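Visitor: File name model-v4.txt; file contents compact mmCIF, C-alpha atoms; full text below.
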```txt
# COMPACT_ATOMS: atom_id res chain seq x y z
CA MET A 1 42.61 279.01 -41.36
CA ARG A 2 42.32 277.30 -37.99
CA THR A 3 41.92 280.69 -36.32
CA MET A 4 39.17 281.67 -38.73
CA TRP A 5 37.23 278.51 -37.98
CA LEU A 6 37.65 279.02 -34.26
CA LEU A 7 36.34 282.57 -34.55
CA LEU A 8 33.40 281.44 -36.63
CA ILE A 9 32.52 278.79 -34.08
CA LEU A 10 32.89 281.11 -31.12
CA ALA A 11 30.80 283.75 -32.87
CA GLY A 12 27.85 281.44 -32.69
CA CYS A 13 28.25 280.46 -29.06
CA PRO A 14 27.13 283.37 -26.91
CA SER A 15 26.11 282.73 -23.33
CA SER A 16 22.70 281.16 -23.56
CA PRO A 17 19.54 281.57 -21.50
CA THR A 18 20.04 279.61 -18.29
CA PRO A 19 17.58 278.65 -15.56
CA THR A 20 18.43 280.70 -12.50
CA GLY A 21 17.94 277.82 -10.08
CA THR A 22 15.96 280.08 -7.77
CA THR A 23 13.79 278.37 -5.17
CA CYS A 24 10.73 279.78 -3.50
CA ALA A 25 11.36 281.06 -0.02
CA ASP A 26 8.54 282.16 2.26
CA PRO A 27 8.71 284.72 3.68
CA ASP A 28 10.45 286.33 0.74
CA PRO A 29 14.11 286.97 1.59
CA ILE A 30 14.13 290.28 -0.22
CA THR A 31 11.11 291.95 1.26
CA GLY A 32 11.39 289.97 4.47
CA THR A 33 7.66 289.94 4.86
CA THR A 34 5.47 289.42 1.86
CA THR A 35 5.70 286.67 -0.67
CA LEU A 36 5.83 288.08 -4.17
CA THR A 37 2.67 287.67 -6.21
CA TRP A 38 1.20 288.73 -9.52
CA ASP A 39 -0.69 291.49 -7.76
CA ASN A 40 2.15 292.96 -5.73
CA PHE A 41 4.99 292.40 -8.20
CA GLY A 42 4.40 290.45 -11.41
CA HIS A 43 1.75 292.68 -12.95
CA ASP A 44 3.74 295.88 -12.59
CA PHE A 45 6.96 294.25 -13.75
CA MET A 46 5.36 292.84 -16.87
CA PHE A 47 3.52 295.99 -17.80
CA LYS A 48 6.63 298.10 -17.22
CA TYR A 49 9.06 295.97 -19.22
CA CYS A 50 7.27 293.41 -21.38
CA THR A 51 3.74 293.99 -22.60
CA ASN A 52 4.49 296.53 -25.30
CA CYS A 53 5.46 293.44 -27.33
CA HIS A 54 4.28 290.45 -25.25
CA SER A 55 0.56 291.13 -25.09
CA SER A 56 -2.42 289.05 -26.12
CA SER A 57 -3.98 292.18 -27.57
CA LEU A 58 -1.28 292.50 -30.23
CA PRO A 59 -1.54 290.78 -33.62
CA HIS A 60 1.59 289.04 -34.85
CA SER A 61 2.49 291.91 -37.15
CA MET A 62 2.72 294.35 -34.20
CA ARG A 63 4.74 292.23 -31.76
CA ASN A 64 8.21 293.36 -32.88
CA GLY A 65 9.32 289.74 -33.07
CA ALA A 66 7.83 288.53 -29.77
CA PRO A 67 6.70 284.92 -30.16
CA ILE A 68 3.01 284.22 -30.45
CA TYR A 69 1.48 282.80 -27.25
CA HIS A 70 4.16 284.48 -25.14
CA ASP A 71 1.75 287.02 -23.65
CA PHE A 72 2.48 288.53 -20.27
CA ASP A 73 -0.54 290.76 -19.76
CA THR A 74 -2.15 288.04 -17.66
CA LEU A 75 -0.85 285.80 -14.92
CA ILE A 76 -1.74 282.66 -16.82
CA GLY A 77 0.12 283.96 -19.84
CA VAL A 78 3.30 284.21 -17.77
CA VAL A 79 2.76 280.86 -16.09
CA GLU A 80 2.52 279.09 -19.46
CA VAL A 81 6.15 280.00 -20.25
CA LEU A 82 7.36 280.56 -16.72
CA ASP A 83 10.67 278.74 -17.05
CA HIS A 84 11.37 280.56 -20.29
CA VAL A 85 10.90 283.95 -18.60
CA ASP A 86 13.20 282.90 -15.77
CA ALA A 87 15.92 281.84 -18.20
CA GLN A 88 15.64 285.01 -20.27
CA THR A 89 15.34 287.70 -17.62
CA GLY A 90 15.82 286.34 -14.10
CA TRP A 91 18.78 286.56 -11.80
CA GLY A 92 19.53 283.78 -9.36
CA PRO A 93 22.22 281.55 -7.93
CA ASN A 94 22.95 279.84 -11.24
CA ALA A 95 22.67 282.69 -13.73
CA GLN A 96 22.13 286.37 -14.28
CA ASN A 97 20.07 286.53 -17.48
CA ASN A 98 19.81 289.85 -19.29
CA PHE A 99 18.47 288.71 -22.66
CA MET A 100 15.14 290.42 -22.19
CA PRO A 101 13.98 293.07 -22.61
CA GLY A 102 15.79 293.98 -25.80
CA GLY A 103 17.04 290.58 -26.87
CA GLY A 104 16.77 290.26 -30.62
CA THR A 105 16.04 293.96 -31.13
CA ASN A 106 19.47 295.34 -30.32
CA GLY A 107 18.18 296.78 -27.10
CA ARG A 108 15.39 298.78 -28.74
CA CYS A 109 11.80 298.67 -27.53
CA PRO A 110 8.52 300.36 -28.44
CA SER A 111 7.44 303.14 -26.14
CA VAL A 112 3.81 302.19 -26.70
CA ALA A 113 2.17 298.81 -27.15
CA GLY A 114 2.63 297.58 -30.70
CA GLY A 115 4.60 300.64 -31.72
CA ALA A 116 7.90 301.01 -33.51
CA LEU A 117 11.22 300.34 -31.77
CA ASP A 118 11.64 303.98 -30.87
CA GLU A 119 13.51 303.93 -27.58
CA ALA A 120 16.19 302.10 -25.64
CA CYS A 121 14.57 299.34 -23.66
CA PRO A 122 13.94 300.20 -20.01
CA GLU A 123 16.17 297.84 -18.06
CA PRO A 124 15.06 296.09 -14.88
CA THR A 125 17.47 296.55 -12.02
CA GLY A 126 19.37 293.61 -10.65
CA GLU A 127 17.05 293.60 -7.65
CA GLU A 128 14.02 293.49 -9.92
CA ARG A 129 15.47 290.61 -11.92
CA THR A 130 16.17 288.74 -8.70
CA GLN A 131 12.64 289.41 -7.49
CA LEU A 132 11.31 288.20 -10.82
CA ALA A 133 13.06 284.87 -10.40
CA GLN A 134 11.83 284.66 -6.80
CA TRP A 135 8.26 285.39 -7.83
CA LEU A 136 8.36 282.88 -10.68
CA ALA A 137 9.78 280.18 -8.39
CA CYS A 138 6.89 280.71 -5.98
CA GLU A 139 4.28 281.08 -8.71
CA LYS A 140 5.36 277.74 -10.10
CA LEU A 141 4.20 276.06 -6.91
CA ARG A 142 0.77 277.70 -6.79
CA PRO A 143 -2.39 276.25 -8.32
CA HIS A 144 -3.69 278.09 -11.39
CA MET B 1 22.03 277.89 -44.24
CA THR B 2 23.88 274.63 -44.45
CA SER B 3 21.68 273.10 -47.03
CA TRP B 4 22.61 275.81 -49.49
CA ILE B 5 25.87 273.98 -49.92
CA GLY B 6 24.03 271.76 -52.27
CA VAL B 7 23.48 274.67 -54.56
CA ALA B 8 27.20 274.86 -55.09
CA ILE B 9 27.10 271.40 -56.55
CA LEU B 10 24.84 272.59 -59.32
CA GLY B 11 27.60 273.56 -61.66
CA LEU B 12 29.46 270.31 -61.51
CA LEU B 13 26.81 267.73 -61.10
CA ALA B 14 23.91 269.05 -63.08
CA PRO B 15 21.08 268.57 -63.54
CA ALA B 16 19.62 267.67 -60.15
CA VAL B 17 20.83 269.82 -57.31
CA ALA B 18 20.41 269.82 -53.59
CA HIS B 19 19.37 272.57 -51.38
CA ALA B 20 16.63 272.46 -48.79
CA ASP B 21 17.66 269.08 -47.65
CA HIS B 22 20.98 269.10 -49.33
CA HIS B 23 21.56 265.54 -50.32
CA ASP B 24 20.25 265.35 -53.81
CA MET B 25 23.03 264.73 -56.22
CA ALA B 26 23.01 264.05 -59.87
CA MET B 27 25.81 262.23 -61.44
CA GLY B 28 28.02 262.83 -64.35
CA GLY B 29 30.73 260.74 -65.77
CA GLY B 30 33.38 263.30 -66.59
CA HIS B 31 36.74 263.64 -64.89
CA ASP B 32 37.59 267.18 -65.93
CA THR B 33 37.69 269.64 -63.11
CA ALA B 34 36.06 273.02 -63.24
CA PHE B 35 35.27 275.98 -61.07
CA GLY B 36 31.72 277.06 -60.49
CA ALA B 37 30.36 280.36 -59.26
CA GLY B 38 26.69 280.85 -58.70
CA VAL B 39 24.01 282.78 -56.97
CA SER B 40 20.60 281.76 -55.72
CA LEU B 41 17.63 283.90 -54.84
CA VAL B 42 15.09 282.55 -52.41
CA ALA B 43 11.79 283.89 -51.13
CA ALA B 44 9.49 282.17 -48.66
CA SER B 45 6.56 282.60 -46.36
CA TYR B 46 6.22 280.66 -43.13
CA SER B 47 3.83 280.14 -40.26
CA THR B 48 5.12 278.17 -37.29
CA LEU B 49 3.76 277.67 -33.80
CA ASP B 50 5.25 280.94 -32.54
CA TYR B 51 6.17 282.94 -35.61
CA ILE B 52 4.57 284.20 -38.80
CA GLY B 53 6.46 286.02 -41.50
CA ASN B 54 8.52 285.79 -44.64
CA TYR B 55 12.10 285.96 -45.79
CA GLN B 56 14.20 286.60 -48.85
CA GLY B 57 17.77 285.54 -49.37
CA VAL B 58 20.73 285.87 -51.70
CA VAL B 59 23.12 282.94 -51.66
CA PRO B 60 26.49 283.22 -53.44
CA THR B 61 28.19 279.88 -54.00
CA LEU B 62 31.63 278.72 -55.09
CA SER B 63 32.69 275.23 -56.04
CA TRP B 64 35.49 273.28 -57.61
CA GLY B 65 35.78 269.70 -58.72
CA SER B 66 34.53 267.15 -61.16
CA ALA B 67 31.76 264.60 -61.32
CA ALA B 68 33.93 262.35 -59.15
CA TYR B 69 34.68 264.80 -56.39
CA SER B 70 33.98 268.38 -55.50
CA VAL B 71 34.27 270.95 -52.77
CA GLY B 72 32.25 274.09 -52.33
CA ALA B 73 31.08 276.84 -50.05
CA SER B 74 28.04 279.03 -49.63
CA PHE B 75 27.12 282.02 -47.51
CA ALA B 76 23.56 283.30 -47.51
CA MET B 77 22.39 286.80 -46.71
CA TYR B 78 18.79 287.24 -45.62
CA ARG B 79 16.05 289.70 -44.97
CA LEU B 80 13.77 288.09 -42.39
CA GLU B 81 10.44 289.36 -41.11
CA THR B 82 9.32 287.76 -37.86
CA ASN B 83 6.09 288.74 -36.15
CA GLY B 84 6.44 292.26 -37.48
CA LEU B 85 10.17 292.60 -36.82
CA GLU B 86 12.50 293.00 -39.79
CA ARG B 87 16.08 291.72 -39.64
CA PHE B 88 18.94 291.62 -42.11
CA GLY B 89 21.91 289.34 -41.70
CA PRO B 90 23.91 286.35 -42.82
CA GLY B 91 22.90 282.77 -42.44
CA ASP B 92 25.32 280.06 -41.40
CA PHE B 93 28.46 279.73 -43.50
CA ALA B 94 28.75 276.26 -44.99
CA VAL B 95 31.28 274.15 -46.86
CA HIS B 96 30.98 270.70 -48.39
CA GLY B 97 33.06 267.95 -49.85
CA LEU B 98 31.60 265.29 -52.13
CA LEU B 99 33.14 262.04 -53.27
CA ARG B 100 31.81 259.57 -55.81
CA LEU B 101 32.59 256.06 -54.63
CA TYR B 102 31.12 253.95 -57.39
CA HIS B 103 30.09 254.63 -60.94
CA HIS B 104 29.20 251.95 -63.45
CA GLU B 105 26.79 252.42 -66.31
CA ALA B 106 23.52 253.57 -64.82
CA VAL B 107 24.41 253.39 -61.15
CA THR B 108 26.38 255.87 -59.12
CA THR B 109 26.92 256.11 -55.38
CA GLY B 110 28.91 258.37 -53.13
CA VAL B 111 29.20 260.28 -49.92
CA VAL B 112 29.08 263.92 -49.00
CA LEU B 113 30.11 265.79 -45.88
CA MET B 114 28.79 269.22 -45.13
CA VAL B 115 29.90 271.40 -42.25
CA SER B 116 28.49 274.73 -41.18
CA ALA B 117 29.71 277.46 -38.89
CA PRO B 118 27.17 279.39 -36.82
CA THR B 119 27.56 282.80 -38.41
CA GLY B 120 23.80 283.41 -38.50
CA ASP B 121 21.93 285.07 -35.64
CA SER B 122 20.48 282.09 -33.81
CA VAL B 123 18.23 284.20 -31.57
CA GLY B 124 16.80 285.99 -34.56
CA GLY B 125 16.13 282.84 -36.56
CA LEU B 126 18.95 283.16 -39.07
CA GLY B 127 21.24 280.41 -37.83
CA MET B 128 21.48 277.21 -35.85
CA GLY B 129 23.68 278.68 -33.15
CA HIS B 130 26.01 275.68 -33.28
CA PRO B 131 28.46 274.22 -35.77
CA MET B 132 26.81 271.38 -37.64
CA ALA B 133 28.24 268.30 -39.32
CA MET B 134 26.11 266.62 -41.97
CA PRO B 135 27.51 263.46 -43.50
CA ALA B 136 25.33 261.62 -45.99
CA ALA B 137 25.41 258.79 -48.48
CA TRP B 138 23.69 258.96 -51.85
CA GLY B 139 22.94 256.79 -54.78
CA ALA B 140 21.52 257.38 -58.24
CA TRP B 141 20.10 255.26 -60.99
CA THR B 142 19.55 256.42 -64.53
CA TYR B 143 16.98 254.82 -66.77
CA GLY B 144 16.53 256.36 -70.16
CA HIS B 145 15.98 260.06 -69.73
CA ALA B 146 15.19 259.74 -66.03
CA THR B 147 17.54 259.79 -63.07
CA MET B 148 16.34 258.73 -59.63
CA THR B 149 18.44 259.85 -56.71
CA ALA B 150 18.12 259.02 -53.03
CA SER B 151 20.13 259.99 -50.01
CA VAL B 152 20.20 259.48 -46.29
CA GLY B 153 22.31 261.34 -43.79
CA PHE B 154 22.83 262.22 -40.17
CA ASP B 155 22.90 265.87 -39.19
CA ARG B 156 24.31 266.72 -35.81
CA ALA B 157 25.38 269.77 -33.83
CA ILE B 158 29.07 269.39 -33.13
CA VAL B 159 28.74 271.01 -29.71
CA GLY B 160 25.86 271.73 -27.42
CA SER B 161 22.50 270.21 -26.77
CA MET B 162 19.00 271.43 -27.50
CA SER B 163 17.46 269.48 -24.67
CA THR B 164 17.28 272.39 -22.24
CA HIS B 165 16.19 275.01 -24.76
CA HIS B 166 12.72 276.46 -24.93
CA ASP B 167 10.97 275.15 -28.02
CA HIS B 168 9.96 277.82 -30.50
CA GLY B 169 9.12 275.37 -33.25
CA PRO B 170 11.21 274.66 -36.35
CA TRP B 171 14.48 276.57 -36.18
CA PRO B 172 16.18 278.51 -37.61
CA LEU B 173 13.33 280.11 -39.50
CA VAL B 174 15.26 280.51 -42.75
CA GLU B 175 16.36 276.89 -43.06
CA PRO B 176 15.06 274.76 -40.22
CA MET B 177 16.72 271.58 -39.14
CA ASN B 178 17.13 269.66 -35.91
CA MET B 179 20.14 269.60 -33.63
CA SER B 180 20.34 265.88 -34.27
CA GLU B 181 18.40 264.32 -37.08
CA LEU B 182 18.20 261.69 -39.73
CA SER B 183 17.80 263.44 -43.05
CA TRP B 184 16.62 261.97 -46.31
CA SER B 185 15.72 262.88 -49.85
CA GLY B 186 14.42 261.36 -53.04
CA THR B 187 14.54 263.00 -56.44
CA CYS B 188 13.35 262.19 -59.93
CA ASP B 189 14.92 264.19 -62.72
CA ILE B 190 13.90 263.86 -66.35
CA ALA B 191 15.89 265.18 -69.30
CA LEU B 192 13.38 266.88 -71.54
CA GLY B 193 15.78 267.74 -74.34
CA ASP B 194 17.66 270.85 -75.44
CA GLY B 195 19.38 271.04 -72.08
CA ILE B 196 16.13 271.26 -70.17
CA HIS B 197 15.38 269.10 -67.15
CA GLY B 198 12.25 268.78 -65.09
CA GLY B 199 11.96 267.04 -61.78
CA ALA B 200 10.34 266.52 -58.44
CA ARG B 201 11.79 265.99 -55.02
CA MET B 202 10.78 264.98 -51.52
CA SER B 203 13.08 265.57 -48.60
CA GLY B 204 12.92 265.76 -44.86
CA GLY B 205 14.36 265.25 -41.45
CA VAL B 206 13.46 263.22 -38.38
CA PRO B 207 14.86 264.22 -34.97
CA VAL B 208 17.07 261.59 -33.39
CA GLY B 209 18.18 261.61 -29.78
CA GLU B 210 17.18 265.24 -29.16
CA PRO B 211 13.86 267.06 -29.07
CA GLY B 212 12.88 268.36 -32.47
CA HIS B 213 10.38 268.48 -35.27
CA ASP B 214 9.72 266.22 -38.19
CA ARG B 215 10.08 267.95 -41.51
CA VAL B 216 8.96 267.03 -45.02
CA VAL B 217 9.32 269.23 -48.07
CA GLY B 218 8.01 268.64 -51.58
CA ALA B 219 9.42 270.44 -54.58
CA ALA B 220 9.05 270.74 -58.34
CA ARG B 221 11.96 271.92 -60.40
CA LEU B 222 12.81 273.10 -63.88
CA ALA B 223 16.44 273.50 -64.94
CA TRP B 224 18.10 274.42 -68.17
CA GLY B 225 21.67 274.77 -69.32
CA ALA B 226 23.29 276.66 -72.16
CA GLY B 227 27.03 276.67 -72.60
CA ARG B 228 28.74 277.40 -69.31
CA VAL B 229 25.60 278.56 -67.57
CA GLU B 230 23.12 276.44 -65.64
CA THR B 231 19.89 277.97 -64.40
CA ALA B 232 17.05 276.47 -62.39
CA ALA B 233 13.80 277.44 -60.77
CA GLU B 234 12.14 275.49 -58.00
CA LEU B 235 8.91 275.75 -56.09
CA GLN B 236 8.88 274.12 -52.65
CA VAL B 237 6.03 273.34 -50.29
CA GLY B 238 6.33 272.55 -46.61
CA LEU B 239 4.28 269.38 -46.11
CA VAL B 240 5.09 268.38 -42.53
CA GLY B 241 6.52 270.32 -39.62
CA ASP B 242 6.07 273.88 -40.90
CA PRO B 243 9.54 274.40 -42.36
CA PHE B 244 7.82 277.02 -44.51
CA THR B 245 4.50 277.44 -46.23
CA LEU B 246 5.77 278.11 -49.73
CA ARG B 247 9.24 278.83 -51.00
CA GLY B 248 10.52 279.81 -54.41
CA LEU B 249 14.07 279.48 -55.58
CA VAL B 250 15.92 280.69 -58.66
CA GLU B 251 19.57 279.84 -59.10
CA THR B 252 22.17 280.21 -61.77
CA ALA B 253 25.79 279.12 -61.96
CA LEU B 254 28.69 279.71 -64.29
CA HIS B 255 31.35 277.04 -64.87
CA PHE B 256 34.83 277.78 -66.06
```
So, in terms of C-alpha cells, how does the structure I just supplied come out?

Guide:
Amino acid sequence: MRTMWLLLILAGCPSSPTPTGTTCADPDPITGTTTLTWDNFGHDFMFKYCTNCHSSSLPHSMRNGAPIYHDFDTLIGVVEVLDHVDAQTGWGPNAQNNFMPGGGTNGRCPSVAGGALDEACPEPTGEERTQLAQWLACEKLRPH
Amino acid sequence: MTSWIGVAILGLLAPAVAHADHHDMAMGGGHDTAFGAGVSLVAASYSTLDYIGNYQGVVPTLSWGSAAYSVGASFAMYRLETNGLERFGPGDFAVHGLLRLYHHEAVTTGVVLMVSAPTGDSVGGLGMGHPMAMPAAWGAWTYGHATMTASVGFDRAIVGSMSTHHDHGPWPLVEPMNMSELSWSGTCDIALGDGIHGGARMSGGVPVGEPGHDRVVGAARLAWGAGRVETAAELQVGLVGDPFTLRGLVETALHF
C-alpha cells in the first residue's frame, strides 16, 4: 500500500519548467560577434517551431491547446510571456527545458498553422535552445 | 478530482452531497454500516483567461461507513477539450475519511479529511500535479424539512509551491482549486416528500499564502431515493473566478 501511494505521488511530480538562469552577454558568447535579436534569431526560431499553434491569427479552436495570448508571431507577443518561454524551451546554466514544442501533445505538432497534429514536432537543437535563452535574456533588458 | 470524494458520501449521508467544493455533508442518525457504489456523470463548459473548451467525465465512487463515520474513494476519467485539443485521461485519485463528532437532536458537527494523489495530467489540465490534503470541519442544523449545512476547510498541496509557476488561470481545468486555499460551502436542503429533496448550494475557495484565484460556485440540486438507490441531478454555475461557465452533474449510488 505504501509503495502504491509513493508511485502515485511520484507519477505526478515530473521535472517542471525551470528558469534557465541565463544572463545577457554582449557580445554574444555563441556567435562571438552579434547579439541575438528578433530579426536575426527570434523570428526564425518562432516561425520554425512555434507559430503553427502559438499565433495571433489562430482562433482558440485551432490552437491545438496553446494558451490564448501566448502568441509568438510578433516580438511583443514573445516578450509578454518571455520568462515562460525560457522555462519551457530554453537551455541554460540552471536547466535544460525540453517541454516545448510538443509538450501536452505527446510530441505531435501540426505541419501547417492551425492544422491537425499530423507530424512529430521539429525539435530545436541544444544550441538553438541555448541561443533562445540567450536571446530572451537580452530581449528582457531592451525597451519595447 | 479531489472534490469528487464528496460524491462517495452520497450513499451514506443522503440527501445533501458534496462535490465541487466537497464539504457539504448531510447528516443521518443511524449507526448501521453499509457499502456504497456509485457513478457520476459530469459535463461542463469553461472559459478562462487562457483556455476555452469543455469537458465530460465519468466518476466511479466507492464508500463504506455509517452516518457517524465513513471512508471512500473516487477516480474520475475525463474527456477534455482545450483550445481545440482533445485529451482523454484520469483526474486525480482521491480518498476521504469522515467523522461525526457531535450529534444531538437537530445539530450535527464533524470533520472530514480528503487526500488526493496526482494521477491526472497536470500539464493538460486534468490534475493538480501535487498531492493535496483537504481537512475541513462541518456543521448542520435541521429545522422541519430543511437542513442547513456549512463547512470550512483548508486545502493545501503536500509538496511543492505554485509561487514560481506561470499563471494560466484556474487550474486544473476539470476541477480547479488553489495550491493553498481556504475553502467553504453552505447548503440548504429541503425534503419535499416521497424521498425527494431539493436544495441550493454556494461554495468556493480563497487562496491563502500562495498565488491563486478566488472561486465561487452556485448550484441547484434535485435528489431522490428509492430503496437502495439514491440519484441526484445538479446544475452548477461558476460565479467568481471562472471555475467553469456551466456544469451539469448526474449521479447515482447503490447501498448494500

Visitor: Could you check how far CA of Gly227 in chain B sits from CA of Ile190 in chain B, in Å to one decimal?

Guide: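 Result for CA of Gly227 in chain B versus CA of Ile190 in chain B: 19.4 Å, one decimal.
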
Visitor: Enter the distance from CA of Thr119 in chain B to CA of Pro90 in chain B, in Å, rounded to one decimal.

Guide: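 Between CA of Thr119 in chain B and CA of Pro90 in chain B the gap works out to 6.7 Å.
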
Visitor: Taking all atoms listed in the file into account, which residues of chain B are within 7 Å of chain A, as a PyMOL selection string?

Guide: chain B and resi 50-52+82-85+117-119+123-124+129-131+166

Visitor: Between CA of Gly21 in chain A and CA of Lys48 in chain A, what is the spacing in Å?

Guide: 24.3 Å

Visitor: Which one of A:Val79, A:Cys121, A:Cys24, A:Ala95 sits closest to Gly107 in chain A if you count only C-alpha atoms?

Guide: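 Going through A:Val79, A:Cys121, A:Cys24, A:Ala95 one by one, the smallest distance to Gly107 in chain A is for A:Cys121.
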
Visitor: Give me, as a ChimeraX atom specification, all polymer residues having an atom no more than 7 Å from His213 in chain B, counting all atoms listed in the file and skipping those fewer than 3 positions away in the same chain.

Guide: /B:170,178,206-207,241

Visitor: With distances taken over only C-alpha atoms, which residue among B:Pro172, B:Pro211, B:Ser47, B:Val42 lies nearest Asp92 in chain B?

Guide: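 Nearest candidate to Asp92 in chain B out of B:Pro172, B:Pro211, B:Ser47, B:Val42: B:Pro172.
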
Visitor: Determine, counting all atoms listed in the file, which protein, DNA and RNA residues have an atom within 7 Å of an atom of range 124-136 of chain A; residues of the same chain fewer than 4 positions away are not included. Present the result as a list of chain:residue names.

Guide: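 Residues near the query, excluding close chain neighbours: A:Thr22, A:Thr23, A:Cys24, A:Leu36, A:Thr37, A:Leu82, A:Asp86, A:Thr89, A:Gly90, A:Trp91, A:Gly92, A:Lys140.
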
Visitor: Got time to write the residues from that selection, C-alpha atoms, as a PDB file, keeping the file's coordinate frame?

Guide:
```pdb
ATOM      1  CA  THR A  22      15.960 280.080  -7.770  1.00  0.00           C
ATOM      2  CA  THR A  23      13.790 278.370  -5.170  1.00  0.00           C
ATOM      3  CA  CYS A  24      10.730 279.780  -3.500  1.00  0.00           C
ATOM      4  CA  LEU A  36       5.830 288.080  -4.170  1.00  0.00           C
ATOM      5  CA  THR A  37       2.670 287.670  -6.210  1.00  0.00           C
ATOM      6  CA  LEU A  82       7.360 280.560 -16.720  1.00  0.00           C
ATOM      7  CA  ASP A  86      13.200 282.900 -15.770  1.00  0.00           C
ATOM      8  CA  THR A  89      15.340 287.700 -17.620  1.00  0.00           C
ATOM      9  CA  GLY A  90      15.820 286.340 -14.100  1.00  0.00           C
ATOM     10  CA  TRP A  91      18.780 286.560 -11.800  1.00  0.00           C
ATOM     11  CA  GLY A  92      19.530 283.780  -9.360  1.00  0.00           C
ATOM     12  CA  LYS A 140       5.360 277.740 -10.100  1.00  0.00           C
TER      13      LYS A 140
END
```

Visitor: Specify the axis-aligned box that encloses all atoms of range 225-239 of chain B listed in the file after padding of 4 Å on each side, stating its centre and edge lengths in Å to one decimal as lines of an AutoDock Vina configuration file.

Guide:
```
center_x = 16.5
center_y = 274.0
center_z = -59.4
size_x = 32.5
size_y = 17.2
size_z = 34.5
```

Visitor: Residues proximal to (26.0, 254.8, -59.6) were defined as those with any atom within 12 Å of that point in the file's coordinates, counting all atoms listed in the file. Which are they, as a ChimeraX atom specification?

Guide: /B:25-29,67-68,99-111,137-143,147-150

Visitor: Since fewer atoms than expected are present, regenerate N, CA and C atoms for range 89-108 of chain B and write them as a PDB file, keeping the file's coordinate frame.

Guide:
```
ATOM      1  N   GLY B  89      20.694 289.952 -42.210  1.00  0.00           N
ATOM      2  CA  GLY B  89      21.910 289.340 -41.700  1.00  0.00           C
ATOM      3  C   GLY B  89      22.279 288.084 -42.445  1.00  0.00           C
ATOM      4  N   PRO B  90      23.471 287.573 -42.159  1.00  0.00           N
ATOM      5  CA  PRO B  90      23.910 286.350 -42.820  1.00  0.00           C
ATOM      6  C   PRO B  90      23.268 285.112 -42.207  1.00  0.00           C
ATOM      7  N   GLY B  91      23.224 284.075 -42.973  1.00  0.00           N
ATOM      8  CA  GLY B  91      22.900 282.770 -42.440  1.00  0.00           C
ATOM      9  C   GLY B  91      24.184 282.086 -42.003  1.00  0.00           C
ATOM     10  N   ASP B  92      24.132 280.802 -41.805  1.00  0.00           N
ATOM     11  CA  ASP B  92      25.320 280.060 -41.400  1.00  0.00           C
ATOM     12  C   ASP B  92      26.211 279.782 -42.619  1.00  0.00           C
ATOM     13  N   PHE B  93      27.482 280.023 -42.455  1.00  0.00           N
ATOM     14  CA  PHE B  93      28.460 279.730 -43.500  1.00  0.00           C
ATOM     15  C   PHE B  93      28.637 278.219 -43.616  1.00  0.00           C
ATOM     16  N   ALA B  94      28.706 277.720 -44.826  1.00  0.00           N
ATOM     17  CA  ALA B  94      28.750 276.260 -44.990  1.00  0.00           C
ATOM     18  C   ALA B  94      29.746 275.863 -46.076  1.00  0.00           C
ATOM     19  N   VAL B  95      30.383 274.727 -45.857  1.00  0.00           N
ATOM     20  CA  VAL B  95      31.280 274.150 -46.860  1.00  0.00           C
ATOM     21  C   VAL B  95      30.907 272.674 -47.031  1.00  0.00           C
ATOM     22  N   HIS B  96      31.264 272.111 -48.166  1.00  0.00           N
ATOM     23  CA  HIS B  96      30.980 270.700 -48.390  1.00  0.00           C
ATOM     24  C   HIS B  96      32.104 270.041 -49.181  1.00  0.00           C
ATOM     25  N   GLY B  97      32.198 268.765 -49.016  1.00  0.00           N
ATOM     26  CA  GLY B  97      33.060 267.950 -49.850  1.00  0.00           C
ATOM     27  C   GLY B  97      32.279 266.727 -50.301  1.00  0.00           C
ATOM     28  N   LEU B  98      32.363 266.413 -51.571  1.00  0.00           N
ATOM     29  CA  LEU B  98      31.600 265.290 -52.130  1.00  0.00           C
ATOM     30  C   LEU B  98      32.552 264.328 -52.833  1.00  0.00           C
ATOM     31  N   LEU B  99      32.296 263.056 -52.646  1.00  0.00           N
ATOM     32  CA  LEU B  99      33.140 262.040 -53.270  1.00  0.00           C
ATOM     33  C   LEU B  99      32.269 260.962 -53.884  1.00  0.00           C
ATOM     34  N   ARG B 100      32.514 260.682 -55.156  1.00  0.00           N
ATOM     35  CA  ARG B 100      31.810 259.570 -55.810  1.00  0.00           C
ATOM     36  C   ARG B 100      32.593 258.293 -55.540  1.00  0.00           C
ATOM     37  N   LEU B 101      31.924 257.311 -54.999  1.00  0.00           N
ATOM     38  CA  LEU B 101      32.590 256.060 -54.630  1.00  0.00           C
ATOM     39  C   LEU B 101      32.463 254.996 -55.693  1.00  0.00           C
ATOM     40  N   TYR B 102      31.379 255.016 -56.416  1.00  0.00           N
ATOM     41  CA  TYR B 102      31.120 253.950 -57.390  1.00  0.00           C
ATOM     42  C   TYR B 102      30.342 254.529 -58.561  1.00  0.00           C
ATOM     43  N   HIS B 103      30.810 254.168 -59.764  1.00  0.00           N
ATOM     44  CA  HIS B 103      30.090 254.630 -60.940  1.00  0.00           C
ATOM     45  C   HIS B 103      30.239 253.577 -62.041  1.00  0.00           C
ATOM     46  N   HIS B 104      29.160 252.955 -62.395  1.00  0.00           N
ATOM     47  CA  HIS B 104      29.200 251.950 -63.450  1.00  0.00           C
ATOM     48  C   HIS B 104      27.875 251.996 -64.190  1.00  0.00           C
ATOM     49  N   GLU B 105      27.967 252.316 -65.460  1.00  0.00           N
ATOM     50  CA  GLU B 105      26.790 252.420 -66.310  1.00  0.00           C
ATOM     51  C   GLU B 105      25.727 253.310 -65.667  1.00  0.00           C
ATOM     52  N   ALA B 106      24.626 252.734 -65.257  1.00  0.00           N
ATOM     53  CA  ALA B 106      23.520 253.570 -64.820  1.00  0.00           C
ATOM     54  C   ALA B 106      23.533 253.856 -63.326  1.00  0.00           C
ATOM     55  N   VAL B 107      24.453 253.267 -62.615  1.00  0.00           N
ATOM     56  CA  VAL B 107      24.410 253.390 -61.150  1.00  0.00           C
ATOM     57  C   VAL B 107      25.615 254.179 -60.638  1.00  0.00           C
ATOM     58  N   THR B 108      25.338 255.079 -59.746  1.00  0.00           N
ATOM     59  CA  THR B 108      26.380 255.870 -59.120  1.00  0.00           C
ATOM     60  C   THR B 108      26.068 256.003 -57.638  1.00  0.00           C
TER      61      THR B 108
END
```
